[in-house]
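Here is the structure we will look at.
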Amino acid sequence: MSEYHTCEIELKDKIILIESLKEMGYKPVIYDSPQKLRGYKGDLRIQKAEIIIPKSQISRASNDIGFNRGKNGKYTLYISEYDESIAETGRGFVLNNLKKTYAKNKIIKEVSKTSKYKLKTIEGVNNKIKIKIELK
Amino acid sequence: MLEKSEIIKAEKDAVKCLEEEIVFEIDSYGFINFIRRENIISDDLMRILENIIENEDEIASLKAFFDYKYKPDGILNIPFCG
């Protein structure tokens with residue numbers, strides 16, 4: 001049985017988190033209250049989350065991946081040892097890809113909320129995302 | 001000697017010039033590099049950065065950077081995700 005690891009991530013915006021997961025190709029399931037995660041055999045684990053990527057969307061031997069908001073507003077990520085190990089090879093759920101997508105979407109959202117600035121360009125260069133903004 | 005209105009205009013032009021192109025670069029780890037040529041920032045832009053960063057400690061560091069520090073390369077690295 002692959003144990004779950006817990007990691008507090010510096011992400012607070014639920015809508016952007018969900019949008020970013022969708023942009024990465026997942027269909028996260030969102031619950032009003034935290035639900036138990038399932039291991040690769042379908043067994044229920046003690047870890048609970050409000051936002052869950054079902055294991056079937058990751059790989060055949062994966063476990064659910066979950067996100068749960070803490071009292072400080074930051075999300076905690078629940079990911080199994082197995083899923084962490086395949087992420088190291090660039091397969092499955094890669095946390096850094098979520099951070100990149102989230103950061104991009106957060107910048108876009110905050111810039112579009114203002115009346116003074118607008119987006120100029122968004123481009124991907126050498127595994128980086130470059131966003132230029134300018135005065136309206 | 002410059003008239004007051006000329007000084008105000010010159011200040012506005014300087015700020016505008018500084019903010020003509022603002023670049024955010026997100027690296028492969030999800031960190032945001034906010035690239036500036038000068039250690040000057042407008043309140044509007046600071047507000048955007050505060051909302052983007054979401055981390056009170058980092059916001060304090062950011063404000064300290066623009067208040068007290070000069071960094072010739074103009075690159076402020078914001079640790080975005082822990």
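In the structure tokens, the first chain shown is A, the next is B, and so on; residue numbers restart at 1 for each chain, and ligands run from 1 in the order shown.
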Inset, instruction - Could you list the residues in chain A lying within 9 Å of chain B, using only C-alpha atoms, and format the result as a PyMOL selection string? - result: chain A and resi 8-13+95-104+106-107+109-111+113-114+116-117+120+126-135
Inset, instruction - Would you list the contacts of range 75-80 of chain A as a list in words, taking every protein, DNA or RNA residue within 8 Å and counting only C-alpha atoms, but skipping same-chain residues closer than 5 positions in sequence? - result: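 Residues near the query, excluding close chain neighbours: Ser2, Glu3, Tyr4, His5, Thr6, Cys7, Glu8, Ile9, Glu10, Leu11, Lys12, Gln47, Ala49, Ser62, Asn63, Asp64, Ile65, Gly66, Phe67, Asn68, Arg69 and Gly70 of chain A.
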Inset, instruction - Report the residues of range 13-104 of chain A whose backbone DSSP state falls under alpha helix (DSSP H), written as an MDAnalysis selection string. - result: chainID A and resid 14:23 81:87 95:104
Now that the selection is made, can you save its residues with N, CA and C atoms as a compact mmCIF listing (two decimals), in the first residue's frame?
```txt
# COMPACT_ATOMS: atom_id res chain seq x y z
N LYS A 14 -9.40 28.98 -4.67
CA LYS A 14 -10.07 27.72 -5.05
C LYS A 14 -10.44 27.70 -6.54
N ILE A 15 -10.99 28.80 -7.02
CA ILE A 15 -11.44 28.84 -8.42
C ILE A 15 -10.25 28.65 -9.36
N ILE A 16 -9.17 29.34 -9.07
CA ILE A 16 -7.99 29.22 -9.95
C ILE A 16 -7.38 27.83 -9.83
N LEU A 17 -7.39 27.28 -8.64
CA LEU A 17 -6.87 25.92 -8.47
C LEU A 17 -7.67 24.95 -9.34
N ILE A 18 -8.97 25.04 -9.29
CA ILE A 18 -9.82 24.13 -10.09
C ILE A 18 -9.61 24.37 -11.59
N GLU A 19 -9.61 25.65 -11.97
CA GLU A 19 -9.38 26.00 -13.39
C GLU A 19 -8.05 25.43 -13.88
N SER A 20 -7.04 25.55 -13.04
CA SER A 20 -5.69 25.11 -13.43
C SER A 20 -5.64 23.59 -13.58
N LEU A 21 -6.30 22.88 -12.68
CA LEU A 21 -6.35 21.41 -12.79
C LEU A 21 -7.05 21.02 -14.09
N LYS A 22 -8.12 21.74 -14.41
CA LYS A 22 -8.85 21.44 -15.66
C LYS A 22 -7.98 21.72 -16.87
N GLU A 23 -7.25 22.82 -16.79
CA GLU A 23 -6.35 23.17 -17.90
C GLU A 23 -5.28 22.10 -18.11
N GLU A 81 2.91 8.08 -2.19
CA GLU A 81 4.34 7.87 -2.52
C GLU A 81 4.48 7.44 -3.98
N TYR A 82 3.57 6.55 -4.40
CA TYR A 82 3.64 6.05 -5.78
C TYR A 82 3.50 7.21 -6.78
N ASP A 83 2.48 8.03 -6.55
CA ASP A 83 2.24 9.14 -7.50
C ASP A 83 3.36 10.18 -7.47
N GLU A 84 3.97 10.33 -6.30
CA GLU A 84 5.15 11.21 -6.24
C GLU A 84 6.29 10.64 -7.06
N SER A 85 6.44 9.31 -6.98
CA SER A 85 7.57 8.68 -7.68
C SER A 85 7.40 8.75 -9.20
N ILE A 86 6.17 8.57 -9.69
CA ILE A 86 6.02 8.66 -11.15
C ILE A 86 6.11 10.12 -11.63
N ALA A 87 5.75 11.06 -10.72
CA ALA A 87 5.87 12.48 -11.09
C ALA A 87 7.33 12.86 -11.33
N LEU A 95 3.42 18.36 -9.59
CA LEU A 95 3.06 19.55 -8.80
C LEU A 95 3.60 20.84 -9.41
N ASN A 96 4.82 20.79 -9.90
CA ASN A 96 5.38 22.02 -10.48
C ASN A 96 4.58 22.51 -11.68
N ASN A 97 4.00 21.57 -12.43
CA ASN A 97 3.15 21.99 -13.56
C ASN A 97 1.89 22.69 -13.06
N LEU A 98 1.37 22.21 -11.94
CA LEU A 98 0.20 22.89 -11.35
C LEU A 98 0.60 24.29 -10.89
N LYS A 99 1.75 24.41 -10.23
CA LYS A 99 2.20 25.71 -9.74
C LYS A 99 2.38 26.70 -10.89
N LYS A 100 2.94 26.21 -11.99
CA LYS A 100 3.13 27.07 -13.16
C LYS A 100 1.80 27.55 -13.72
N THR A 101 0.89 26.59 -13.90
CA THR A 101 -0.42 26.93 -14.48
C THR A 101 -1.19 27.86 -13.55
N TYR A 102 -1.12 27.57 -12.25
CA TYR A 102 -1.81 28.41 -11.26
C TYR A 102 -1.23 29.83 -11.29
N ALA A 103 0.09 29.93 -11.29
CA ALA A 103 0.74 31.24 -11.29
C ALA A 103 0.32 32.05 -12.52
N LYS A 104 0.30 31.39 -13.66
CA LYS A 104 -0.11 32.08 -14.90
C LYS A 104 -1.55 32.58 -14.78
```
Inset, instruction - Quick one: pull the distance between CA of Leu37 in chain A and CA of Ile53 in chain A, Å, one decimal. - result: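 Those two atoms sit 9.4 Å apart.
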Legend entry - Which of chain A fall in strand (DSSP E), as an MDAnalysis selection string: chainID A and resid 4:9 29:38 44:53 65:69 75:80 117:125 128:135
Inset, instruction - Could you tell me how far CA of Glu50 in chain A lies from CA of Ile30 in chain A, in Å and to one decimal? - result: 5.8 Å
